[in-house]
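Worksheet for the structure shown next.
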Amino acid sequence: MVRIIDVHGHLSKFWLPMPWKNSDIIKYLDKFGIEKFVASSLLSICENFVEGNKETSRFVREYPGRVYGYVVVNPHYLRESLTEIEKYSKIDGFVGIKIHDGYYMQIEPLTSPVWREIWRSIADLGWAVLCHDSLASIAKIAPEYPDVPFISAHATNLTYAVKYAKEEYRPNIFLEICGTARRYGIIEALVETLGSADNIIFGTDLPLLSPASSIGKVMNAEIPEKEKEKILYKNALRIFQF
């Protein structure tokens, strides 16, 4: 069976009907053969990032070596965000930060002084950044932090991704594949344009979405098996050094 590492997952209660308990999420990981799961709290993203990060920490401690955590930060609360990064950088199992542009990008673009403090705080940690729908924005900032892997969530749902691959490619940006939108042939187009799948990475958005969608996108893509392996797990191993 092919190995799979999911770099875009969640936990916590949410308003959508979904399997939100930690034990339910693990059952889905088992069902789809996902060996490692990197997650952030929906409570952190939508309401209270400090309390939500505590939820993530409990999940990481409950399933060590299987579940890893992103620290959610919020630029409206810079001091608290920097404190969260420092706190969780000392706890095994945390491997990056998660940001959601839908809640605050109009006020604090990723090139702002506030965000630059956050980028500087993680630059020496070996952490990744998972950014929600932020490909155009992170393409501007990523060259300034070449050692920080930026993961653009849902990137292969965007037709802009092919334009980016042709005109704005950055070696430390990784295009993540999950989402409900269908862009037939985009994975093939990206592999052809980039020359490989070295910068395409697997995620599911579980439990918001079933892993079946993302797995199907990769397994049915008309690309060589070695490129599918890069997407499904090898690129994650390279970024996170599990």
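Convention: chains lettered A, B, ... in structure tokens order; per-chain residue numbering from 1; ligands numbered from 1 as shown.
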
**Study point:** Residue neighbourhood Leu82 of chain A, 10 Å, only C-alpha atoms, exclusion window fewer than 4 positions, as a VMD selection string
**Key:** chain A and resid 73 to 75 77 to 78 86 to 87 117 to 118 121 to 122

Create the file for the chosen residues now, containing N, CA, C and O atoms and written as an mmCIF file, in the first residue's frame.
data_model
loop_
_atom_site.group_PDB
_atom_site.id
_atom_site.type_symbol
_atom_site.label_atom_id
_atom_site.label_comp_id
_atom_site.auth_asym_id
_atom_site.auth_seq_id
_atom_site.Cartn_x
_atom_site.Cartn_y
_atom_site.Cartn_z
ATOM 1 N N VAL A 73 -1.864 31.413 14.547
ATOM 2 C CA VAL A 73 -1.518 32.757 15.008
ATOM 3 C C VAL A 73 -2.483 33.761 14.388
ATOM 4 O O VAL A 73 -3.143 33.481 13.387
ATOM 5 N N ASN A 74 -2.538 34.944 14.989
ATOM 6 C CA ASN A 74 -3.448 35.983 14.534
ATOM 7 C C ASN A 74 -2.719 37.327 14.612
ATOM 8 O O ASN A 74 -2.304 37.744 15.689
ATOM 9 N N PRO A 75 -2.563 38.025 13.489
ATOM 10 C CA PRO A 75 -1.783 39.272 13.493
ATOM 11 C C PRO A 75 -2.429 40.402 14.291
ATOM 12 O O PRO A 75 -1.751 41.376 14.619
ATOM 13 N N TYR A 77 -3.236 40.049 17.225
ATOM 14 C CA TYR A 77 -2.713 39.818 18.575
ATOM 15 C C TYR A 77 -1.265 39.357 18.448
ATOM 16 O O TYR A 77 -0.939 38.198 18.712
ATOM 17 N N LEU A 78 -0.419 40.280 18.032
ATOM 18 C CA LEU A 78 0.966 39.923 17.704
ATOM 19 C C LEU A 78 1.706 39.377 18.915
ATOM 20 O O LEU A 78 2.356 38.330 18.829
ATOM 21 N N GLU A 86 6.604 30.684 20.692
ATOM 22 C CA GLU A 86 7.686 30.332 21.621
ATOM 23 C C GLU A 86 7.281 29.155 22.504
ATOM 24 O O GLU A 86 8.072 28.218 22.714
ATOM 25 N N LYS A 87 6.074 29.176 23.008
ATOM 26 C CA LYS A 87 5.589 28.126 23.901
ATOM 27 C C LYS A 87 5.598 26.766 23.212
ATOM 28 O O LYS A 87 6.142 25.779 23.745
ATOM 29 N N GLU A 117 7.411 40.149 11.669
ATOM 30 C CA GLU A 117 7.839 39.705 13.007
ATOM 31 C C GLU A 117 7.549 38.226 13.202
ATOM 32 O O GLU A 117 8.345 37.493 13.795
ATOM 33 N N ILE A 118 6.399 37.801 12.715
ATOM 34 C CA ILE A 118 6.049 36.383 12.830
ATOM 35 C C ILE A 118 6.979 35.535 11.977
ATOM 36 O O ILE A 118 7.477 34.490 12.428
ATOM 37 N N SER A 121 10.216 35.096 13.643
ATOM 38 C CA SER A 121 10.158 34.258 14.842
ATOM 39 C C SER A 121 10.226 32.768 14.524
ATOM 40 O O SER A 121 10.619 31.973 15.376
ATOM 41 N N ILE A 122 9.828 32.388 13.315
ATOM 42 C CA ILE A 122 9.853 30.954 12.969
ATOM 43 C C ILE A 122 11.007 30.591 12.043
ATOM 44 O O ILE A 122 11.233 29.404 11.781
#

Exercise for review: Among the residues of segment 79-197 of chain A, find those DSSP assigns to strand (DSSP E) from the backbone and print them as a ChimeraX atom specification.
Suggested key: /A:94-100,128-132,150-153,173-176

Go ahead and save the residues from that selection, with all heavy atoms, as a short mmCIF file (atom, residue, chain, number, x, y, z; two decimals), in the first residue's frame.
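Below you can see result.cif, which holds the result:
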data_model
loop_
_atom_site.label_atom_id
_atom_site.label_comp_id
_atom_site.auth_asym_id
_atom_site.auth_seq_id
_atom_site.Cartn_x
_atom_site.Cartn_y
_atom_site.Cartn_z
N PHE A 94 4.96 19.76 17.44
CA PHE A 94 4.54 20.96 16.71
C PHE A 94 5.56 21.26 15.61
O PHE A 94 6.77 21.27 15.86
CB PHE A 94 4.37 22.15 17.65
CG PHE A 94 3.05 22.12 18.36
CD1 PHE A 94 2.91 21.41 19.54
CD2 PHE A 94 1.94 22.75 17.83
CE1 PHE A 94 1.69 21.34 20.20
CE2 PHE A 94 0.71 22.69 18.47
CZ PHE A 94 0.59 21.99 19.65
N VAL A 95 5.05 21.50 14.40
CA VAL A 95 5.94 21.55 13.23
C VAL A 95 5.72 22.79 12.36
O VAL A 95 6.36 22.92 11.32
CB VAL A 95 5.77 20.28 12.37
CG1 VAL A 95 6.24 19.05 13.13
CG2 VAL A 95 4.31 20.11 11.93
N GLY A 96 4.82 23.70 12.76
CA GLY A 96 4.60 24.86 11.93
C GLY A 96 3.50 25.75 12.46
O GLY A 96 2.98 25.54 13.56
N ILE A 97 3.16 26.76 11.66
CA ILE A 97 2.05 27.64 11.99
C ILE A 97 1.01 27.57 10.88
O ILE A 97 1.32 27.25 9.73
CB ILE A 97 2.47 29.10 12.23
CG1 ILE A 97 3.04 29.74 10.96
CG2 ILE A 97 3.47 29.19 13.38
CD1 ILE A 97 3.30 31.23 11.08
N LYS A 98 -0.22 27.87 11.26
CA LYS A 98 -1.33 27.92 10.31
C LYS A 98 -1.91 29.33 10.32
O LYS A 98 -2.15 29.90 11.38
CB LYS A 98 -2.40 26.92 10.73
CG LYS A 98 -3.81 27.16 10.18
CD LYS A 98 -3.94 26.78 8.73
CE LYS A 98 -5.40 26.96 8.27
NZ LYS A 98 -5.62 26.55 6.89
N ILE A 99 -2.11 29.90 9.13
CA ILE A 99 -2.75 31.20 9.03
C ILE A 99 -3.93 31.10 8.06
O ILE A 99 -3.92 30.28 7.13
CB ILE A 99 -1.77 32.30 8.58
CG1 ILE A 99 -1.32 32.10 7.13
CG2 ILE A 99 -0.57 32.35 9.50
CD1 ILE A 99 -0.51 33.27 6.60
N HIS A 100 -4.94 31.91 8.29
CA HIS A 100 -6.14 31.89 7.46
C HIS A 100 -6.41 33.31 6.98
O HIS A 100 -6.92 34.14 7.72
CB HIS A 100 -7.33 31.35 8.26
CG HIS A 100 -8.48 30.91 7.40
ND1 HIS A 100 -9.17 31.78 6.59
CD2 HIS A 100 -9.05 29.69 7.21
CE1 HIS A 100 -10.11 31.12 5.95
NE2 HIS A 100 -10.06 29.86 6.31
N ALA A 128 7.21 24.92 9.12
CA ALA A 128 6.51 25.26 7.89
C ALA A 128 5.37 26.23 8.19
O ALA A 128 4.97 26.41 9.34
CB ALA A 128 5.96 24.00 7.22
N VAL A 129 4.86 26.86 7.14
CA VAL A 129 3.70 27.75 7.24
C VAL A 129 2.62 27.23 6.31
O VAL A 129 2.85 27.10 5.10
CB VAL A 129 4.05 29.20 6.84
CG1 VAL A 129 2.83 30.10 6.97
CG2 VAL A 129 5.19 29.73 7.69
N LEU A 130 1.46 26.91 6.86
CA LEU A 130 0.31 26.52 6.04
C LEU A 130 -0.59 27.74 5.90
O LEU A 130 -1.11 28.26 6.89
CB LEU A 130 -0.45 25.36 6.68
CG LEU A 130 -1.72 24.91 5.94
CD1 LEU A 130 -1.39 24.39 4.55
CD2 LEU A 130 -2.47 23.85 6.74
N CYS A 131 -0.76 28.21 4.66
CA CYS A 131 -1.51 29.44 4.40
C CYS A 131 -2.77 29.11 3.60
O CYS A 131 -2.69 28.49 2.54
CB CYS A 131 -0.66 30.41 3.58
SG CYS A 131 0.99 30.71 4.19
N HIS A 132 -3.90 29.56 4.09
CA HIS A 132 -5.17 29.31 3.41
C HIS A 132 -5.32 30.20 2.18
O HIS A 132 -5.36 31.42 2.29
CB HIS A 132 -6.33 29.56 4.38
CG HIS A 132 -7.68 29.37 3.75
ND1 HIS A 132 -8.29 28.14 3.67
CD2 HIS A 132 -8.52 30.24 3.17
CE1 HIS A 132 -9.46 28.27 3.08
NE2 HIS A 132 -9.62 29.54 2.76
N PHE A 150 6.66 27.34 2.70
CA PHE A 150 5.31 27.89 2.68
C PHE A 150 4.41 26.93 1.91
O PHE A 150 4.69 26.62 0.74
CB PHE A 150 5.27 29.26 2.02
CG PHE A 150 5.90 30.36 2.83
CD1 PHE A 150 7.26 30.61 2.74
CD2 PHE A 150 5.13 31.16 3.66
CE1 PHE A 150 7.85 31.64 3.48
CE2 PHE A 150 5.70 32.18 4.41
CZ PHE A 150 7.06 32.42 4.32
N ILE A 151 3.35 26.45 2.55
CA ILE A 151 2.40 25.55 1.91
C ILE A 151 1.14 26.35 1.59
O ILE A 151 0.49 26.88 2.48
CB ILE A 151 2.06 24.36 2.83
CG1 ILE A 151 3.32 23.57 3.19
CG2 ILE A 151 1.03 23.45 2.15
CD1 ILE A 151 3.10 22.52 4.26
N SER A 152 0.82 26.42 0.32
CA SER A 152 -0.38 27.15 -0.12
C SER A 152 -1.55 26.18 -0.17
O SER A 152 -1.66 25.35 -1.09
CB SER A 152 -0.14 27.78 -1.50
OG SER A 152 -1.29 28.48 -1.93
N ALA A 153 -2.44 26.27 0.83
CA ALA A 153 -3.56 25.34 0.93
C ALA A 153 -4.54 25.55 -0.24
O ALA A 153 -4.75 26.68 -0.69
CB ALA A 153 -4.28 25.54 2.26
N ILE A 173 7.87 27.24 -1.93
CA ILE A 173 6.41 27.21 -1.89
C ILE A 173 5.93 25.86 -2.40
O ILE A 173 6.37 25.38 -3.45
CB ILE A 173 5.79 28.33 -2.74
CG1 ILE A 173 6.10 29.70 -2.13
CG2 ILE A 173 4.28 28.15 -2.86
CD1 ILE A 173 5.54 30.87 -2.91
N PHE A 174 5.02 25.27 -1.63
CA PHE A 174 4.46 23.96 -1.96
C PHE A 174 2.96 24.10 -2.19
O PHE A 174 2.26 24.71 -1.38
CB PHE A 174 4.77 22.96 -0.85
CG PHE A 174 6.24 22.68 -0.71
CD1 PHE A 174 7.05 23.56 0.00
CD2 PHE A 174 6.81 21.58 -1.31
CE1 PHE A 174 8.41 23.34 0.11
CE2 PHE A 174 8.18 21.34 -1.20
CZ PHE A 174 8.98 22.22 -0.49
N LEU A 175 2.48 23.54 -3.27
CA LEU A 175 1.08 23.65 -3.67
C LEU A 175 0.30 22.46 -3.12
O LEU A 175 0.55 21.32 -3.52
CB LEU A 175 0.98 23.71 -5.19
CG LEU A 175 1.87 24.75 -5.88
CD1 LEU A 175 1.72 24.66 -7.39
CD2 LEU A 175 1.56 26.15 -5.39
N GLU A 176 -0.62 22.74 -2.22
CA GLU A 176 -1.39 21.67 -1.56
C GLU A 176 -2.69 21.44 -2.32
O GLU A 176 -3.25 22.38 -2.88
CB GLU A 176 -1.63 22.05 -0.10
CG GLU A 176 -2.23 20.95 0.75
CD GLU A 176 -3.73 21.09 0.83
OE1 GLU A 176 -4.22 22.21 1.04
OE2 GLU A 176 -4.41 20.05 0.66
#

Practice item. Kindly give the distance, in Å, that separates atom CA of Asp92 of chain A and atom CA of Asn53 of chain A, rounded to a single decimal. Key: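 Separating atom CA of Asp92 of chain A from atom CA of Asn53 of chain A is a distance of 13.8 Å.
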
**Study point:** Counting only C-alpha atoms, the residue of A:Glu47, A:Glu229, A:Asp30, A:Glu222 that sits nearest Ile200 of chain A
**Key:** A:Glu229

Review point. Looking at A:Asp147, A:Asp6, A:Glu51, A:Asp133, which one is nearest to Ile231 of chain A, with distances taken over only C-alpha atoms?
Key: A:Asp6

Point to revise | Residue nearest Thr83 of chain A - candidates A:Ala161, A:Met219, A:Val50, A:Ile25, atoms counted: only C-alpha atoms | key: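 Result for the nearest residue to Thr83 of chain A: A:Val50.
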
Practice item. Find the residue from A:Ser213, A:Asn235, A:Ser40, A:Thr111 that sits nearest to Cys178 of chain A; use only C-alpha atoms when measuring. Key: A:Ser213

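With only C-alpha atoms as the atoms that count, the residue of A:Tyr184, A:Phe37, A:Trp115, A:Phe240 with the shortest distance to Asn157 of chain A is A:Tyr184.
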
**Study point:** For Pro146 of chain A: contacts at 12 Å, only C-alpha atoms, fewer than 2 positions along chain excluded, given as a ChimeraX atom specification
**Key:** /A:119-120,123-124,126,128,138-144,148-150,170-173

Revision key, fill the gap. Min atom-atom distance to Glu225 of chain A from the set A:Leu209, A:Ala197, A:Ile85, A:Ala39, counting only C-alpha atoms, belongs to A:Ala197

Practice item. Extract, using only C-alpha atoms, all DNA, RNA and protein residues at most 10 Å from Tyr28 of chain A, discarding same-chain residues fewer than 6 positions from it, and format them as a ChimeraX atom specification. Key: /A:19,34,206-207,210-211

Would you export the selected residues with N, CA and C atoms as a tab-separated table (two decimals), in the first residue's frame, please?
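Ended up saving to out35.tsv:
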chain	number	residue	atom	x	y	z
A	19	PRO	N	-17.31	14.35	11.44
A	19	PRO	CA	-16.76	13.56	12.55
A	19	PRO	C	-15.69	14.35	13.29
A	34	ILE	N	-3.73	6.76	6.12
A	34	ILE	CA	-2.92	7.96	6.31
A	34	ILE	C	-2.06	7.78	7.55
A	206	LEU	N	-9.46	17.11	6.24
A	206	LEU	CA	-10.19	16.27	7.19
A	206	LEU	C	-10.25	16.97	8.56
A	207	PRO	N	-11.39	16.99	9.23
A	207	PRO	CA	-12.66	16.31	8.94
A	207	PRO	C	-13.66	17.15	8.16
A	210	SER	N	-13.78	14.63	3.15
A	210	SER	CA	-13.31	13.24	3.18
A	210	SER	C	-11.97	13.14	2.46
A	211	PRO	N	-11.06	12.31	2.97
A	211	PRO	CA	-9.79	12.10	2.27
A	211	PRO	C	-9.95	11.49	0.88

**Study point:** Coordinates-based distance that separates atom CA of Trp15 of chain A from atom CA of Ile201 of chain A (Å, one decimal)
**Key:** 27.5 Å

Exercise for review: Write down as a PyMOL selection string the residues of segment 91-225 of chain A whose backbone DSSP state falls under alpha helix (DSSP H).
Suggested key: chain A and resi 101-104+113-122+135-141+160-167+186-194+211-219+225

Go ahead and save the residues from that selection, with N, CA and C atoms, as a compact mmCIF listing (two decimals), in the first residue's frame.
# COMPACT_ATOMS: atom_id res chain seq x y z
N ASP A 101 -6.09 33.58 5.72
CA ASP A 101 -6.18 34.94 5.21
C ASP A 101 -7.60 35.47 5.17
N GLY A 102 -8.58 34.59 5.14
CA GLY A 102 -9.96 35.03 5.06
C GLY A 102 -10.40 35.88 6.23
N TYR A 103 -9.71 35.78 7.36
CA TYR A 103 -10.12 36.48 8.56
C TYR A 103 -9.36 37.79 8.80
N TYR A 104 -8.20 37.95 8.16
CA TYR A 104 -7.44 39.15 8.51
C TYR A 104 -6.50 39.67 7.44
N PRO A 113 4.70 44.79 8.46
CA PRO A 113 5.64 44.66 9.58
C PRO A 113 5.19 43.64 10.62
N VAL A 114 3.89 43.55 10.85
CA VAL A 114 3.38 42.58 11.83
C VAL A 114 3.72 41.16 11.40
N TRP A 115 3.42 40.84 10.15
CA TRP A 115 3.71 39.49 9.69
C TRP A 115 5.22 39.23 9.63
N ARG A 116 5.98 40.26 9.31
CA ARG A 116 7.42 40.04 9.24
C ARG A 116 7.99 39.66 10.61
N GLU A 117 7.41 40.15 11.67
CA GLU A 117 7.84 39.71 13.01
C GLU A 117 7.55 38.23 13.20
N ILE A 118 6.40 37.80 12.72
CA ILE A 118 6.05 36.38 12.83
C ILE A 118 6.98 35.54 11.98
N TRP A 119 7.26 35.97 10.74
CA TRP A 119 8.17 35.20 9.89
C TRP A 119 9.55 35.08 10.54
N ARG A 120 10.03 36.17 11.11
CA ARG A 120 11.35 36.13 11.76
C ARG A 120 11.34 35.18 12.95
N SER A 121 10.22 35.10 13.64
CA SER A 121 10.16 34.26 14.84
C SER A 121 10.23 32.77 14.52
N ILE A 122 9.83 32.39 13.31
CA ILE A 122 9.85 30.95 12.97
C ILE A 122 11.01 30.59 12.04
N LEU A 135 -1.74 31.90 -2.29
CA LEU A 135 -0.61 31.68 -3.20
C LEU A 135 -0.03 32.99 -3.73
N ALA A 136 -0.88 33.90 -4.18
CA ALA A 136 -0.37 35.16 -4.73
C ALA A 136 0.37 35.97 -3.66
N SER A 137 -0.14 35.91 -2.43
CA SER A 137 0.48 36.68 -1.34
C SER A 137 1.80 36.08 -0.90
N ILE A 138 1.85 34.76 -0.74
CA ILE A 138 3.09 34.16 -0.26
C ILE A 138 4.17 34.17 -1.33
N ALA A 139 3.77 34.26 -2.60
CA ALA A 139 4.77 34.37 -3.67
C ALA A 139 5.58 35.65 -3.52
N LYS A 140 4.99 36.67 -2.87
CA LYS A 140 5.69 37.93 -2.66
C LYS A 140 6.68 37.87 -1.51
N ILE A 141 6.33 37.11 -0.47
CA ILE A 141 7.15 37.12 0.75
C ILE A 141 8.13 35.95 0.83
N TYR A 160 -5.01 29.95 -11.26
CA TYR A 160 -3.83 30.81 -11.10
C TYR A 160 -2.59 29.98 -10.80
N ALA A 161 -2.76 28.79 -10.24
CA ALA A 161 -1.60 27.97 -9.88
C ALA A 161 -0.72 27.68 -11.09
N VAL A 162 -1.33 27.46 -12.25
CA VAL A 162 -0.54 27.17 -13.44
C VAL A 162 0.22 28.43 -13.88
N LYS A 163 -0.45 29.58 -13.80
CA LYS A 163 0.23 30.84 -14.12
C LYS A 163 1.39 31.07 -13.17
N TYR A 164 1.15 30.82 -11.88
CA TYR A 164 2.23 30.94 -10.89
C TYR A 164 3.40 30.03 -11.27
N ALA A 165 3.10 28.78 -11.60
CA ALA A 165 4.15 27.82 -11.93
C ALA A 165 4.97 28.27 -13.13
N LYS A 166 4.33 28.96 -14.06
CA LYS A 166 5.02 29.41 -15.26
C LYS A 166 5.84 30.68 -15.02
N GLU A 167 5.32 31.58 -14.15
CA GLU A 167 5.89 32.92 -14.09
C GLU A 167 6.47 33.31 -12.73
N ILE A 186 -5.29 19.73 -13.73
CA ILE A 186 -4.39 20.76 -13.21
C ILE A 186 -3.14 20.15 -12.58
N ILE A 187 -3.27 18.99 -11.93
CA ILE A 187 -2.08 18.36 -11.37
C ILE A 187 -1.13 17.97 -12.49
N GLU A 188 -1.67 17.41 -13.57
CA GLU A 188 -0.85 17.06 -14.72
C GLU A 188 -0.18 18.31 -15.30
N ALA A 189 -0.95 19.40 -15.39
CA ALA A 189 -0.40 20.64 -15.96
C ALA A 189 0.71 21.20 -15.08
N LEU A 190 0.53 21.12 -13.77
CA LEU A 190 1.55 21.63 -12.86
C LEU A 190 2.83 20.80 -12.92
N VAL A 191 2.67 19.48 -12.95
CA VAL A 191 3.85 18.61 -13.05
C VAL A 191 4.60 18.87 -14.35
N GLU A 192 3.86 19.04 -15.42
CA GLU A 192 4.50 19.32 -16.71
C GLU A 192 5.21 20.67 -16.68
N THR A 193 4.55 21.68 -16.12
CA THR A 193 5.13 23.03 -16.10
C THR A 193 6.34 23.12 -15.20
N LEU A 194 6.23 22.51 -14.01
CA LEU A 194 7.32 22.57 -13.04
C LEU A 194 8.43 21.57 -13.35
N PRO A 211 -11.06 12.31 2.97
CA PRO A 211 -9.79 12.10 2.27
C PRO A 211 -9.95 11.49 0.88
N ALA A 212 -11.10 10.89 0.61
CA ALA A 212 -11.30 10.22 -0.67
C ALA A 212 -11.07 11.16 -1.85
N SER A 213 -11.48 12.41 -1.70
CA SER A 213 -11.34 13.37 -2.79
C SER A 213 -9.88 13.61 -3.15
N SER A 214 -9.07 13.91 -2.14
CA SER A 214 -7.66 14.20 -2.40
C SER A 214 -6.91 12.96 -2.90
N ILE A 215 -7.20 11.82 -2.30
CA ILE A 215 -6.54 10.60 -2.74
C ILE A 215 -6.88 10.31 -4.20
N GLY A 216 -8.15 10.48 -4.55
CA GLY A 216 -8.57 10.25 -5.93
C GLY A 216 -7.89 11.18 -6.91
N LYS A 217 -7.71 12.44 -6.53
CA LYS A 217 -7.04 13.40 -7.41
C LYS A 217 -5.64 12.92 -7.79
N VAL A 218 -4.92 12.40 -6.78
CA VAL A 218 -3.55 11.98 -7.03
C VAL A 218 -3.50 10.64 -7.76
N MET A 219 -4.26 9.68 -7.25
CA MET A 219 -4.18 8.34 -7.81
C MET A 219 -4.66 8.28 -9.26
N GLU A 225 4.27 7.21 -11.47
CA GLU A 225 4.09 6.78 -10.08
C GLU A 225 5.08 7.47 -9.14
